[in-house]
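Shown here: final.txt, compact mmCIF, C-alpha atoms.
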# COMPACT_ATOMS: atom_id res chain seq x y z
CA MET A 1 -16.85 4.72 -27.24
CA LYS A 2 -13.68 6.36 -25.95
CA LYS A 3 -11.84 4.46 -23.26
CA LYS A 4 -11.72 6.24 -19.91
CA VAL A 5 -8.18 6.36 -18.56
CA LEU A 6 -6.96 7.46 -15.14
CA LEU A 7 -3.41 8.78 -15.44
CA ALA A 8 -1.09 8.58 -12.44
CA ILE A 9 0.66 11.93 -12.82
CA SER A 10 3.51 13.00 -10.56
CA GLY A 11 4.15 16.39 -12.12
CA GLY A 12 7.29 15.12 -13.83
CA VAL A 13 8.13 15.04 -17.53
CA ASP A 14 7.31 11.39 -18.16
CA SER A 15 3.82 11.21 -16.68
CA SER A 16 2.93 14.65 -18.07
CA VAL A 17 3.87 13.63 -21.62
CA ALA A 18 2.01 10.35 -21.10
CA GLY A 19 -1.09 12.45 -20.43
CA TRP A 20 -0.51 14.55 -23.55
CA LEU A 21 -0.10 11.42 -25.70
CA LEU A 22 -3.27 9.85 -24.31
CA ARG A 23 -5.27 12.98 -25.01
CA GLU A 24 -3.89 13.18 -28.55
CA GLU A 25 -4.89 9.55 -29.12
CA GLY A 26 -8.48 10.33 -28.20
CA TYR A 27 -8.77 8.81 -24.75
CA GLU A 28 -11.00 10.36 -22.11
CA VAL A 29 -8.33 11.17 -19.52
CA ALA A 30 -8.27 12.31 -15.91
CA GLY A 31 -5.14 12.80 -13.81
CA VAL A 32 -4.56 11.62 -10.27
CA THR A 33 -1.64 12.34 -7.95
CA MET A 34 -0.89 10.30 -4.87
CA CYS A 35 -0.26 12.53 -1.87
CA LEU A 36 2.31 10.69 0.21
CA GLY A 37 2.90 13.30 2.88
CA VAL A 38 6.39 13.95 1.50
CA ARG A 39 8.06 17.34 1.72
CA GLU A 40 10.71 18.74 -0.62
CA GLU A 41 13.99 19.90 0.86
CA GLY A 42 16.73 21.90 -0.81
CA ASN A 43 17.10 21.12 -4.50
CA LYS A 44 15.80 17.57 -4.26
CA THR A 45 12.87 16.73 -6.51
CA ARG A 46 10.31 14.40 -4.94
CA CYS A 47 7.80 12.51 -7.03
CA CYS A 48 4.78 12.92 -4.76
CA GLY A 49 5.47 15.94 -2.55
CA ARG A 50 3.51 19.18 -2.29
CA ASP A 51 5.36 20.91 -5.15
CA ALA A 52 4.87 17.86 -7.36
CA ILE A 53 1.13 17.97 -6.74
CA GLU A 54 1.02 21.61 -7.83
CA ASP A 55 3.02 20.81 -10.97
CA ALA A 56 0.63 17.96 -11.77
CA ARG A 57 -2.37 20.21 -11.26
CA GLU A 58 -0.88 22.83 -13.60
CA VAL A 59 -0.17 20.27 -16.32
CA CYS A 60 -3.67 18.79 -16.08
CA GLY A 61 -5.06 22.31 -16.40
CA MET A 62 -3.06 22.86 -19.58
CA LEU A 63 -4.23 19.52 -20.97
CA GLY A 64 -7.83 20.34 -20.09
CA ILE A 65 -8.35 17.22 -18.01
CA PRO A 66 -9.64 16.79 -14.44
CA HIS A 67 -7.12 16.35 -11.65
CA TYR A 68 -7.62 14.43 -8.43
CA VAL A 69 -5.43 14.06 -5.35
CA LEU A 70 -5.65 10.91 -3.24
CA ASP A 71 -4.16 10.66 0.24
CA TYR A 72 -1.98 7.57 0.23
CA ALA A 73 0.29 8.59 3.11
CA PRO A 74 -1.11 5.97 5.53
CA LEU A 75 -0.78 3.25 2.88
CA LEU A 76 2.79 4.30 2.11
CA GLU A 77 3.65 4.03 5.79
CA SER A 78 2.02 0.66 6.40
CA CYS A 79 3.00 -1.10 3.16
CA VAL A 80 6.28 0.51 2.13
CA ILE A 81 8.02 2.39 4.95
CA ASP A 82 7.31 -0.20 7.66
CA LYS A 83 8.67 -2.94 5.39
CA PHE A 84 11.68 -0.76 4.50
CA VAL A 85 12.57 -0.50 8.19
CA ARG A 86 11.82 -4.16 8.88
CA GLU A 87 14.07 -5.34 6.05
CA TYR A 88 17.00 -3.26 7.27
CA ARG A 89 16.48 -4.69 10.75
CA LEU A 90 16.95 -8.12 9.17
CA GLY A 91 20.18 -7.07 7.48
CA ARG A 92 18.61 -7.01 4.02
CA THR A 93 18.63 -4.25 1.37
CA PRO A 94 15.02 -3.55 0.33
CA ASN A 95 13.69 -1.97 -2.84
CA PRO A 96 10.82 0.29 -1.74
CA CYS A 97 10.11 1.55 -5.28
CA ILE A 98 8.98 -1.97 -6.17
CA ASP A 99 6.77 -2.11 -3.09
CA CYS A 100 5.26 1.25 -4.05
CA ASN A 101 4.31 -0.24 -7.41
CA ARG A 102 3.05 -3.43 -5.77
CA TYR A 103 0.83 -1.90 -3.10
CA LEU A 104 0.10 1.67 -4.20
CA LYS A 105 0.16 2.26 -7.97
CA PHE A 106 -0.83 -1.17 -9.25
CA GLY A 107 -2.57 -2.22 -6.07
CA ARG A 108 -4.84 0.33 -4.41
CA LEU A 109 -4.75 2.96 -7.18
CA LEU A 110 -5.64 0.47 -9.90
CA GLN A 111 -8.51 -0.82 -7.75
CA GLN A 112 -9.77 2.73 -7.21
CA ALA A 113 -9.48 3.53 -10.91
CA ARG A 114 -11.71 0.58 -11.75
CA ALA A 115 -14.14 1.47 -8.95
CA MET A 116 -14.35 5.04 -10.30
CA GLY A 117 -15.44 3.73 -13.69
CA PHE A 118 -12.15 4.01 -15.56
CA ASP A 119 -11.23 1.31 -18.05
CA CYS A 120 -7.47 1.62 -17.55
CA LEU A 121 -4.76 3.07 -15.36
CA ALA A 122 -1.88 4.75 -17.21
CA THR A 123 1.55 5.73 -15.91
CA GLY A 124 4.71 7.32 -17.27
CA HIS A 125 6.81 4.18 -16.88
CA TYR A 126 9.08 3.07 -19.71
CA ALA A 127 7.60 -0.35 -20.41
CA ARG A 128 5.25 -2.04 -22.84
CA ILE A 129 2.12 -4.18 -22.56
CA GLU A 130 1.15 -6.18 -25.63
CA ARG A 131 -1.36 -8.83 -26.58
CA LYS A 132 0.20 -12.27 -27.10
CA GLU A 133 -2.21 -14.89 -28.37
CA ASP A 134 -4.91 -15.03 -25.67
CA ARG A 135 -3.18 -13.01 -22.94
CA TRP A 136 -1.44 -9.74 -22.14
CA VAL A 137 2.33 -9.62 -21.59
CA LEU A 138 4.71 -7.11 -20.03
CA LYS A 139 7.71 -6.32 -22.24
CA LYS A 140 10.71 -4.04 -22.41
CA PRO A 141 10.24 -0.61 -24.07
CA LYS A 142 11.95 1.01 -27.06
CA ASP A 143 14.39 2.93 -24.82
CA SER A 144 16.53 0.17 -23.30
CA GLY A 145 18.41 2.73 -21.22
CA LYS A 146 15.20 3.70 -19.43
CA ASP A 147 13.68 0.21 -19.23
CA GLN A 148 11.71 0.06 -15.95
CA THR A 149 10.27 -3.44 -16.24
CA TYR A 150 12.51 -4.56 -13.35
CA PHE A 151 10.34 -2.45 -11.04
CA LEU A 152 7.04 -3.57 -12.59
CA TYR A 153 7.10 -7.33 -12.13
CA PRO A 154 4.63 -7.17 -9.16
CA ILE A 155 1.78 -6.05 -11.43
CA PRO A 156 -0.99 -8.64 -10.98
CA PHE A 157 -1.25 -10.93 -14.00
CA GLU A 158 -4.98 -10.30 -14.33
CA ALA A 159 -4.44 -6.51 -14.29
CA LEU A 160 -2.20 -6.29 -17.36
CA GLY A 161 -5.14 -5.68 -19.68
CA HIS A 162 -6.17 -2.62 -17.64
CA ILE A 163 -2.82 -0.79 -17.73
CA LEU A 164 -1.40 1.56 -20.36
CA PHE A 165 2.22 2.67 -20.79
CA PRO A 166 2.06 5.49 -23.38
CA LEU A 167 5.86 5.95 -23.42
CA ALA A 168 6.56 2.42 -24.68
CA ASP A 169 7.67 3.61 -28.12
CA HIS A 170 9.53 6.77 -27.07
CA THR A 171 13.03 7.52 -25.83
CA LYS A 172 13.63 9.90 -22.95
CA GLU A 173 14.91 12.60 -25.29
CA GLU A 174 11.86 12.20 -27.49
CA VAL A 175 9.67 12.60 -24.42
CA ARG A 176 11.44 15.82 -23.44
CA GLU A 177 11.08 17.14 -27.00
CA ILE A 178 7.35 16.38 -26.95
CA ALA A 179 7.10 18.31 -23.68
CA ARG A 180 8.89 21.28 -25.26
CA GLN A 181 6.77 21.22 -28.41
CA ALA A 182 3.60 20.98 -26.31
CA HIS A 183 4.84 23.89 -24.14
CA LEU A 184 4.39 21.87 -20.98
CA PRO A 185 5.82 23.82 -18.03
CA ILE A 186 7.80 20.82 -16.77
CA SER A 187 9.77 20.13 -19.98
CA GLU A 188 13.15 20.81 -18.32
CA LYS A 189 12.25 19.52 -14.87
CA PRO A 190 14.94 17.18 -13.50
CA GLU A 191 14.08 13.60 -12.66
CA SER A 192 13.19 12.77 -9.08
CA GLN A 193 16.16 11.62 -7.02
CA ASP A 194 16.52 9.24 -4.09
CA LEU A 195 13.59 7.71 -2.24
CA CYS A 196 10.58 9.99 -2.09
CA PHE A 197 9.99 9.45 1.64
CA VAL A 198 13.59 9.88 2.86
CA THR A 199 14.24 13.60 3.37
CA GLN A 200 17.22 13.17 5.68
CA ASP A 201 20.77 13.19 4.36
CA SER A 202 21.12 9.43 4.80
CA TYR A 203 19.06 6.29 5.18
CA GLY A 204 20.73 5.76 8.55
CA GLU A 205 19.32 8.98 9.99
CA PHE A 206 15.87 8.15 8.64
CA LEU A 207 15.94 4.62 10.03
CA ARG A 208 17.21 5.81 13.41
CA GLU A 209 14.28 8.23 13.65
CA LEU A 210 11.90 5.33 13.05
CA GLY A 211 13.40 3.25 15.83
CA CYS A 212 15.65 1.00 13.79
CA PRO A 213 18.83 0.29 15.79
CA VAL A 214 21.77 1.98 14.08
CA GLN A 215 24.71 1.03 16.28
CA PRO A 216 28.44 0.47 15.80
CA GLY A 217 29.63 -3.10 15.53
CA PRO A 218 32.47 -5.27 14.27
CA ILE A 219 33.67 -5.71 10.71
CA VAL A 220 34.91 -9.29 10.49
CA ASP A 221 36.42 -11.56 7.87
CA ARG A 222 34.79 -14.86 6.94
CA SER A 223 36.64 -16.67 9.73
CA GLY A 224 35.22 -14.25 12.32
CA ARG A 225 38.43 -12.27 12.89
CA ILE A 226 37.68 -8.65 13.78
CA LEU A 227 39.22 -6.22 11.28
CA GLY A 228 37.55 -2.97 12.23
CA GLU A 229 34.34 -1.28 13.31
CA HIS A 230 31.31 -0.11 11.34
CA SER A 231 28.96 2.71 12.27
CA GLY A 232 25.77 0.73 11.59
CA THR A 233 24.92 -2.17 9.30
CA VAL A 234 22.34 -0.03 7.45
CA PHE A 235 25.18 1.91 5.83
CA TYR A 236 26.49 -1.20 4.03
CA THR A 237 25.32 -3.43 1.21
CA ILE A 238 26.59 -6.57 -0.49
CA GLY A 239 29.51 -5.93 -2.85
CA GLN A 240 30.45 -2.60 -1.26
CA ARG A 241 34.16 -1.83 -1.27
CA HIS A 242 34.50 1.83 -0.38
CA GLY A 243 33.94 3.26 3.08
CA LEU A 244 35.05 0.20 5.04
CA ARG A 245 37.93 2.08 6.72
CA ILE A 246 40.02 -1.03 7.31
CA SER A 247 43.58 -1.70 6.19
CA SER A 248 44.34 -4.79 4.14
CA PRO A 249 47.03 -5.85 1.64
CA TYR A 250 44.23 -6.65 -0.85
CA PRO A 251 40.81 -5.11 -1.59
CA LEU A 252 37.98 -6.21 0.69
CA TYR A 253 34.26 -6.25 -0.10
CA VAL A 254 31.11 -6.69 1.94
CA VAL A 255 29.98 -10.29 1.40
CA ALA A 256 27.26 -10.55 4.06
CA ILE A 257 25.47 -8.64 6.81
CA ASP A 258 24.74 -10.44 10.09
CA ALA A 259 21.92 -8.48 11.70
CA VAL A 260 21.71 -10.86 14.67
CA HIS A 261 25.30 -10.11 15.75
CA ASN A 262 25.32 -6.57 14.27
CA SER A 263 28.36 -7.41 12.17
CA VAL A 264 29.50 -6.72 8.62
CA ILE A 265 31.34 -9.63 7.00
CA VAL A 266 33.99 -8.90 4.39
CA GLY A 267 36.03 -10.99 1.99
CA GLU A 268 37.99 -10.91 -1.22
CA LYS A 269 36.46 -10.23 -4.63
CA GLN A 270 35.81 -13.90 -5.37
CA ASP A 271 33.84 -14.18 -2.12
CA VAL A 272 31.22 -11.78 -3.50
CA TYR A 273 30.28 -14.21 -6.28
CA ALA A 274 27.54 -16.81 -5.93
CA SER A 275 26.05 -19.44 -8.20
CA ALA A 276 22.45 -19.56 -7.01
CA LEU A 277 19.75 -17.94 -4.91
CA ILE A 278 16.41 -18.64 -3.29
CA ALA A 279 13.59 -16.19 -4.06
CA GLY A 280 10.18 -15.80 -2.43
CA GLU A 281 7.12 -13.55 -2.70
CA MET A 282 6.88 -14.62 -6.34
CA ASN A 283 4.57 -12.92 -8.81
CA TRP A 284 4.13 -14.66 -12.14
CA LEU A 285 3.06 -12.90 -15.34
CA THR A 286 2.73 -16.07 -17.38
CA PRO A 287 0.39 -19.03 -16.81
CA GLU A 288 3.27 -21.49 -17.22
CA ARG A 289 6.09 -21.77 -14.68
CA PRO A 290 9.33 -21.56 -16.68
CA ARG A 291 12.27 -23.83 -15.94
CA GLN A 292 14.74 -21.69 -17.88
CA ALA A 293 14.96 -17.92 -18.26
CA GLU A 294 17.27 -14.93 -18.06
CA ALA A 295 17.42 -13.35 -14.61
CA LYS A 296 18.23 -9.81 -13.54
CA ILE A 297 19.34 -9.33 -9.92
CA ARG A 298 19.77 -5.54 -9.98
CA TYR A 299 18.18 -2.74 -11.99
CA ARG A 300 21.27 -1.76 -13.96
CA LYS A 301 22.66 -5.28 -14.33
CA ARG A 302 22.33 -7.34 -17.49
CA THR A 303 20.21 -10.46 -17.52
CA SER A 304 21.97 -13.80 -17.15
CA PRO A 305 20.79 -17.29 -18.24
CA CYS A 306 19.53 -19.46 -15.40
CA ARG A 307 17.68 -22.63 -14.44
CA ILE A 308 14.61 -22.45 -12.20
CA VAL A 309 13.49 -25.15 -9.76
CA PRO A 310 10.36 -24.68 -7.60
CA GLU A 311 10.76 -25.23 -3.86
CA GLY A 312 7.30 -24.94 -2.37
CA ASP A 313 6.14 -21.35 -2.80
CA ARG A 314 9.72 -20.27 -3.45
CA ILE A 315 12.12 -20.95 -6.32
CA ARG A 316 15.79 -21.80 -6.62
CA ILE A 317 17.59 -19.96 -9.41
CA THR A 318 20.92 -21.39 -10.56
CA PHE A 319 22.98 -19.27 -12.92
CA ALA A 320 25.02 -20.46 -15.87
CA GLU A 321 27.77 -18.11 -14.66
CA GLU A 322 28.40 -16.94 -11.10
CA GLN A 323 26.91 -13.54 -10.25
CA ASP A 324 28.50 -10.84 -8.13
CA ALA A 325 26.77 -9.12 -5.23
CA ILE A 326 23.50 -11.06 -5.11
CA THR A 327 21.74 -9.09 -2.38
CA PRO A 328 18.98 -10.39 -0.07
CA GLY A 329 16.01 -8.03 -0.10
CA GLN A 330 16.51 -6.98 -3.70
CA ALA A 331 14.36 -8.24 -6.56
CA VAL A 332 15.21 -10.93 -9.06
CA VAL A 333 13.22 -10.57 -12.27
CA LEU A 334 12.90 -13.28 -14.91
CA TYR A 335 12.79 -12.61 -18.65
CA SER A 336 12.41 -14.47 -21.91
CA GLY A 337 13.93 -12.07 -24.39
CA ASP A 338 11.94 -8.84 -23.98
CA GLU A 339 9.08 -10.45 -22.07
CA VAL A 340 8.85 -10.34 -18.28
CA LEU A 341 7.92 -13.76 -16.91
CA GLY A 342 7.73 -12.77 -13.26
CA GLY A 343 9.90 -12.00 -10.29
CA GLY A 344 10.36 -12.19 -6.56
CA VAL A 345 12.47 -11.12 -3.61
CA ILE A 346 15.92 -12.60 -3.02
CA GLU A 347 15.85 -14.39 0.35
CA GLU A 348 19.00 -16.52 0.37
CA VAL A 349 22.32 -16.54 -1.47
CA ILE A 350 23.92 -19.89 -2.29
CA ARG A 351 27.69 -19.98 -2.76
CA ASN A 352 29.92 -22.78 -3.95
CA ASN A 353 32.47 -21.82 -1.29
CA PRO A 354 30.37 -21.20 1.85

Let me see the structure of the file written as structure tokens.
Amino acid sequence: MKKKVLLAISGGVDSSVAGWLLREEGYEVAGVTMCLGVREEGNKTRCCGRDAIEDAREVCGMLGIPHYVLDYAPLLESCVIDKFVREYRLGRTPNPCIDCNRYLKFGRLLQQARAMGFDCLATGHYARIERKEDRWVLKKPKDSGKDQTYFLYPIPFEALGHILFPLADHTKEEVREIARQAHLPISEKPESQDLCFVTQDSYGEFLRELGCPVQPGPIVDRSGRILGEHSGTVFYTIGQRHGLRISSPYPLYVVAIDAVHNSVIVGEKQDVYASALIAGEMNWLTPERPRQAEAKIRYRKRTSPCRIVPEGDRIRITFAEEQDAITPGQAVVLYSGDEVLGGGVIEEVIRNNP
């Protein structure tokens, strides 16, 4: 019997080609697009806006598969946008794309797929799920430049066997070529840019509209000496050098954000480095709790060897080499080679020179 697969299709190249591949492999496929109440503005491409829904509907029509639209706007607001605002209020730098995966795609949508009688949920992510002995594992894809496993660590461990990533063995260029050969109307469509729910020119404007205080405050050095003024802590992130608008005989970088006192703390390059961190909200994709791994603290950063010590429901990660710009609110994801072991949210940064 053919497996029934619900494909999360955004109307972009990746998810559209994923649908084509699934159909070619003999799956019984239906497409679904999450309506997030997002509008397109100017030349920006949004992954779940009105135009994206129409593109997805057109592709599903060409593939000869049903297409559904589910209203996830309230869920986006309560689980992603509200947390996005709350994190900035706390002086942290959130990663809402990870929360979208956690609560929407591999949370509610996966639950609905199973309730609708589908065996699996498929997406156009560049990642791989394989069988390893008696369990399923999440691994890096063929195209290392498009590896999206950093964003996928929140997938529930027990859900791995019900998820398909059809692009696991394809590069981005191969995917575009498949779209051209299949005459899919989105073959040259650009990738979505920025956060899908932020249509303003800056995060600051968006946050201000939602009631997050965006007010000027002091830029201080690590001793508390005032060096200048910022226009709102939401415009700054750890490791930032440009846009500080302060004079100094040596380069200065953002080393911390103090939301309580509405201040941005700066220091020299060495002050950005830290040896350890505390992470919470952990999600494990392996039954064992590793004590050693390679950790990634940002999407485009390489993994680095580390030691892991549990501290209640949190973990302490100590790196073999100091890391620059460890940022509270961002994810730290743990790997063993190509396999994703789990991940969590960075809550504290531990420096040797506090």

**OP:** Do a neighbour search on segment 51-58 of chain A at 10 Å with all atoms listed in the file, toss out local chain neighbours closer than 4 positions, and write the hits as a PyMOL selection string.
**Re:** chain A and resi 8-13+15-16+31-35+38-40+45-47+62-69+184-186+192

Subject >> Nearest residue to Thr286 of chain A from the set A:Val264, A:Val137, A:Val309, A:Ile163 (distances using only C-alpha atoms) >> reply: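 Residue with the minimum atom-to-atom distance to Thr286 of chain A: A:Val137.
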
Subject >> Residues within 8 Å of Leu36 of chain A, all atoms listed in the file, excluding chain neighbours under 2 positions, as a PyMOL selection string >> reply: chain A and resi 34+38+48-49+71-74+76+197

Keeping only C-alpha atoms, write those residues as an mmCIF file, in the coordinates of the input.
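For reference, part31.cif as written:
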data_model
loop_
_atom_site.group_PDB
_atom_site.id
_atom_site.type_symbol
_atom_site.label_atom_id
_atom_site.label_comp_id
_atom_site.auth_asym_id
_atom_site.auth_seq_id
_atom_site.Cartn_x
_atom_site.Cartn_y
_atom_site.Cartn_z
ATOM 1 C CA MET A 34 -0.890 10.300 -4.870
ATOM 2 C CA VAL A 38 6.390 13.950 1.500
ATOM 3 C CA CYS A 48 4.780 12.920 -4.760
ATOM 4 C CA GLY A 49 5.470 15.940 -2.550
ATOM 5 C CA ASP A 71 -4.160 10.660 0.240
ATOM 6 C CA TYR A 72 -1.980 7.570 0.230
ATOM 7 C CA ALA A 73 0.290 8.590 3.110
ATOM 8 C CA PRO A 74 -1.110 5.970 5.530
ATOM 9 C CA LEU A 76 2.790 4.300 2.110
ATOM 10 C CA PHE A 197 9.990 9.450 1.640
#

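Counting all atoms listed in the file, the residue from A:Leu90, A:Leu227, A:Cys212, A:Val349 that sits nearest to Tyr273 of chain A is A:Val349.
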
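Between atom CA of His162 of chain A and atom CA of Met282 of chain A the separation is 21.0 Å.
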
Original post:
A:Ala320, A:Leu6, A:Gly37, A:Glu339: which is nearest Cys60 of chain A, counting only C-alpha atoms?
Top reply: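 For Cys60 of chain A, the nearest of the given residues is A:Leu6.
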
**OP:** Could you please determine the separation between atom CA of Arg351 of chain A and atom CA of Pro154 of chain A in Å, to one decimal place?
**Re:** 27.1 Å

Can you pull out the residues contacting Gly224 of chain A? Cut-off 10 Å, using only C-alpha atoms, and skip same-chain residues under 5 positions away; I want them as a short mmCIF file (atom, residue, chain, number, x, y, z; two decimals) with C-alpha atoms, keeping the file's coordinate frame.
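Produced file out.cif, reproduced below:
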data_model
loop_
_atom_site.label_atom_id
_atom_site.label_comp_id
_atom_site.auth_asym_id
_atom_site.auth_seq_id
_atom_site.Cartn_x
_atom_site.Cartn_y
_atom_site.Cartn_z
CA PRO A 218 32.47 -5.27 14.27
CA ILE A 219 33.67 -5.71 10.71
CA SER A 263 28.36 -7.41 12.17
CA ILE A 265 31.34 -9.63 7.00
CA VAL A 266 33.99 -8.90 4.39
#

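The gap separating atom CA of Val272 of chain A from atom CA of Tyr250 of chain A is 14.2 Å, in Å to one decimal.
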
Exercise: segment 267-269 of chain A partners within 12 Å, only C-alpha atoms, chain neighbours under 4 positions left out, as a short mmCIF file (atom, residue, chain, number, x, y, z; two decimals) with C-alpha atoms, in the coordinates of the input:
data_model
loop_
_atom_site.label_atom_id
_atom_site.label_comp_id
_atom_site.auth_asym_id
_atom_site.auth_seq_id
_atom_site.Cartn_x
_atom_site.Cartn_y
_atom_site.Cartn_z
CA ILE A 219 33.67 -5.71 10.71
CA VAL A 220 34.91 -9.29 10.49
CA ASP A 221 36.42 -11.56 7.87
CA ARG A 222 34.79 -14.86 6.94
CA SER A 223 36.64 -16.67 9.73
CA GLY A 224 35.22 -14.25 12.32
CA ARG A 225 38.43 -12.27 12.89
CA LEU A 227 39.22 -6.22 11.28
CA ILE A 238 26.59 -6.57 -0.49
CA GLY A 239 29.51 -5.93 -2.85
CA GLN A 240 30.45 -2.60 -1.26
CA ARG A 241 34.16 -1.83 -1.27
CA LEU A 244 35.05 0.20 5.04
CA ILE A 246 40.02 -1.03 7.31
CA SER A 248 44.34 -4.79 4.14
CA PRO A 249 47.03 -5.85 1.64
CA TYR A 250 44.23 -6.65 -0.85
CA PRO A 251 40.81 -5.11 -1.59
CA LEU A 252 37.98 -6.21 0.69
CA TYR A 253 34.26 -6.25 -0.10
CA VAL A 254 31.11 -6.69 1.94
CA VAL A 255 29.98 -10.29 1.40
CA ALA A 256 27.26 -10.55 4.06
CA ILE A 257 25.47 -8.64 6.81
CA TYR A 273 30.28 -14.21 -6.28
CA ALA A 274 27.54 -16.81 -5.93
CA GLN A 323 26.91 -13.54 -10.25
CA ASP A 324 28.50 -10.84 -8.13
CA ALA A 325 26.77 -9.12 -5.23
CA ASN A 353 32.47 -21.82 -1.29
CA PRO A 354 30.37 -21.20 1.85
#

8 Å contact set for Gly91 of chain A, all atoms listed in the file, chain neighbours under 4 positions out, as a compact mmCIF listing (two decimals) with C-alpha atoms, in the frame of the given file:
# COMPACT_ATOMS: atom_id res chain seq x y z
CA GLU A 87 14.07 -5.34 6.05
CA THR A 233 24.92 -2.17 9.30
CA VAL A 234 22.34 -0.03 7.45
CA ILE A 257 25.47 -8.64 6.81
CA ASP A 258 24.74 -10.44 10.09
CA ALA A 259 21.92 -8.48 11.70

Subject >> Of the listed residues A:Thr327, A:Gln270, A:Ser144, A:Thr149, that which approaches Asn101 of chain A most closely, counting all atoms listed in the file >> reply: A:Thr149

Subject >> Top pick for closest residue to Lys140 of chain A, considering A:Arg114, A:Gly329, A:Leu167, A:Gly217 and counting all atoms listed in the file >> reply: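 Counting all atoms listed in the file, the residue closest to Lys140 of chain A is A:Leu167.
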
**OP:** Measuring atom to atom with all atoms listed in the file, identify which of A:Pro287, A:Phe235, A:Asp14, A:Val5 is nearest to Ser187 of chain A.
**Re:** A:Asp14

Within 12 Å of (9.8, -22.4, -13.7), only C-alpha atoms: residues as a CSV table (one decimal) with C-alpha atoms, in the frame of the given file?
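part_28.csv, written as the output of this step:
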chain,number,residue,atom,x,y,z
A,282,MET,CA,6.9,-14.6,-6.3
A,283,ASN,CA,4.6,-12.9,-8.8
A,284,TRP,CA,4.1,-14.7,-12.1
A,285,LEU,CA,3.1,-12.9,-15.3
A,286,THR,CA,2.7,-16.1,-17.4
A,287,PRO,CA,0.4,-19.0,-16.8
A,288,GLU,CA,3.3,-21.5,-17.2
A,289,ARG,CA,6.1,-21.8,-14.7
A,290,PRO,CA,9.3,-21.6,-16.7
A,291,ARG,CA,12.3,-23.8,-15.9
A,292,GLN,CA,14.7,-21.7,-17.9
A,293,ALA,CA,15.0,-17.9,-18.3
A,294,GLU,CA,17.3,-14.9,-18.1
A,295,ALA,CA,17.4,-13.4,-14.6
A,306,CYS,CA,19.5,-19.5,-15.4
A,307,ARG,CA,17.7,-22.6,-14.4
A,308,ILE,CA,14.6,-22.4,-12.2
A,309,VAL,CA,13.5,-25.2,-9.8
A,310,PRO,CA,10.4,-24.7,-7.6
A,311,GLU,CA,10.8,-25.2,-3.9
A,312,GLY,CA,7.3,-24.9,-2.4
A,313,ASP,CA,6.1,-21.4,-2.8
A,314,ARG,CA,9.7,-20.3,-3.4
A,315,ILE,CA,12.1,-21.0,-6.3
A,316,ARG,CA,15.8,-21.8,-6.6
A,317,ILE,CA,17.6,-20.0,-9.4
A,318,THR,CA,20.9,-21.4,-10.6
A,334,LEU,CA,12.9,-13.3,-14.9
A,335,TYR,CA,12.8,-12.6,-18.6
A,336,SER,CA,12.4,-14.5,-21.9
A,341,LEU,CA,7.9,-13.8,-16.9
A,342,GLY,CA,7.7,-12.8,-13.3
A,343,GLY,CA,9.9,-12.0,-10.3

**OP:** With all atoms listed in the file counted, which protein, DNA or RNA residues have an atom no more than 10 Å from (3.0, -4.1, -8.1) in the file frame? Please answer as number ranges by chain.
**Re:** A: 97-108, 110, 151-157, 159, 283

Written record: segment 291-301 of chain A, N, CA and C atoms, as a PDB file, in the first residue's frame:
ATOM      1  N   ARG A 291      27.897  13.163  26.855  1.00  0.00           N
ATOM      2  CA  ARG A 291      28.779  13.990  27.689  1.00  0.00           C
ATOM      3  C   ARG A 291      29.809  14.719  26.841  1.00  0.00           C
ATOM      4  N   GLN A 292      29.942  14.307  25.589  1.00  0.00           N
ATOM      5  CA  GLN A 292      30.829  14.985  24.648  1.00  0.00           C
ATOM      6  C   GLN A 292      30.123  15.082  23.303  1.00  0.00           C
ATOM      7  N   ALA A 293      30.373  16.167  22.588  1.00  0.00           N
ATOM      8  CA  ALA A 293      29.730  16.368  21.287  1.00  0.00           C
ATOM      9  C   ALA A 293      30.448  17.492  20.565  1.00  0.00           C
ATOM     10  N   GLU A 294      29.908  17.856  19.397  1.00  0.00           N
ATOM     11  CA  GLU A 294      30.316  19.088  18.727  1.00  0.00           C
ATOM     12  C   GLU A 294      29.107  20.015  18.744  1.00  0.00           C
ATOM     13  N   ALA A 295      29.315  21.256  19.131  1.00  0.00           N
ATOM     14  CA  ALA A 295      28.203  22.190  19.293  1.00  0.00           C
ATOM     15  C   ALA A 295      28.273  23.300  18.257  1.00  0.00           C
ATOM     16  N   LYS A 296      27.097  23.703  17.804  1.00  0.00           N
ATOM     17  CA  LYS A 296      26.983  24.833  16.879  1.00  0.00           C
ATOM     18  C   LYS A 296      26.136  25.903  17.557  1.00  0.00           C
ATOM     19  N   ILE A 297      26.667  27.132  17.663  1.00  0.00           N
ATOM     20  CA  ILE A 297      25.968  28.195  18.377  1.00  0.00           C
ATOM     21  C   ILE A 297      25.300  29.203  17.454  1.00  0.00           C
ATOM     22  N   ARG A 298      25.553  29.083  16.155  1.00  0.00           N
ATOM     23  CA  ARG A 298      24.874  29.920  15.157  1.00  0.00           C
ATOM     24  C   ARG A 298      24.739  29.106  13.881  1.00  0.00           C
ATOM     25  N   TYR A 299      23.771  29.475  13.053  1.00  0.00           N
ATOM     26  CA  TYR A 299      23.482  28.690  11.854  1.00  0.00           C
ATOM     27  C   TYR A 299      24.700  28.542  10.953  1.00  0.00           C
ATOM     28  N   ARG A 300      25.380  29.631  10.667  1.00  0.00           N
ATOM     29  CA  ARG A 300      26.489  29.593   9.714  1.00  0.00           C
ATOM     30  C   ARG A 300      27.844  29.337  10.367  1.00  0.00           C
ATOM     31  N   LYS A 301      27.850  29.007  11.640  1.00  0.00           N
ATOM     32  CA  LYS A 301      29.122  28.771  12.326  1.00  0.00           C
ATOM     33  C   LYS A 301      29.446  27.276  12.325  1.00  0.00           C
TER      34      LYS A 301
END
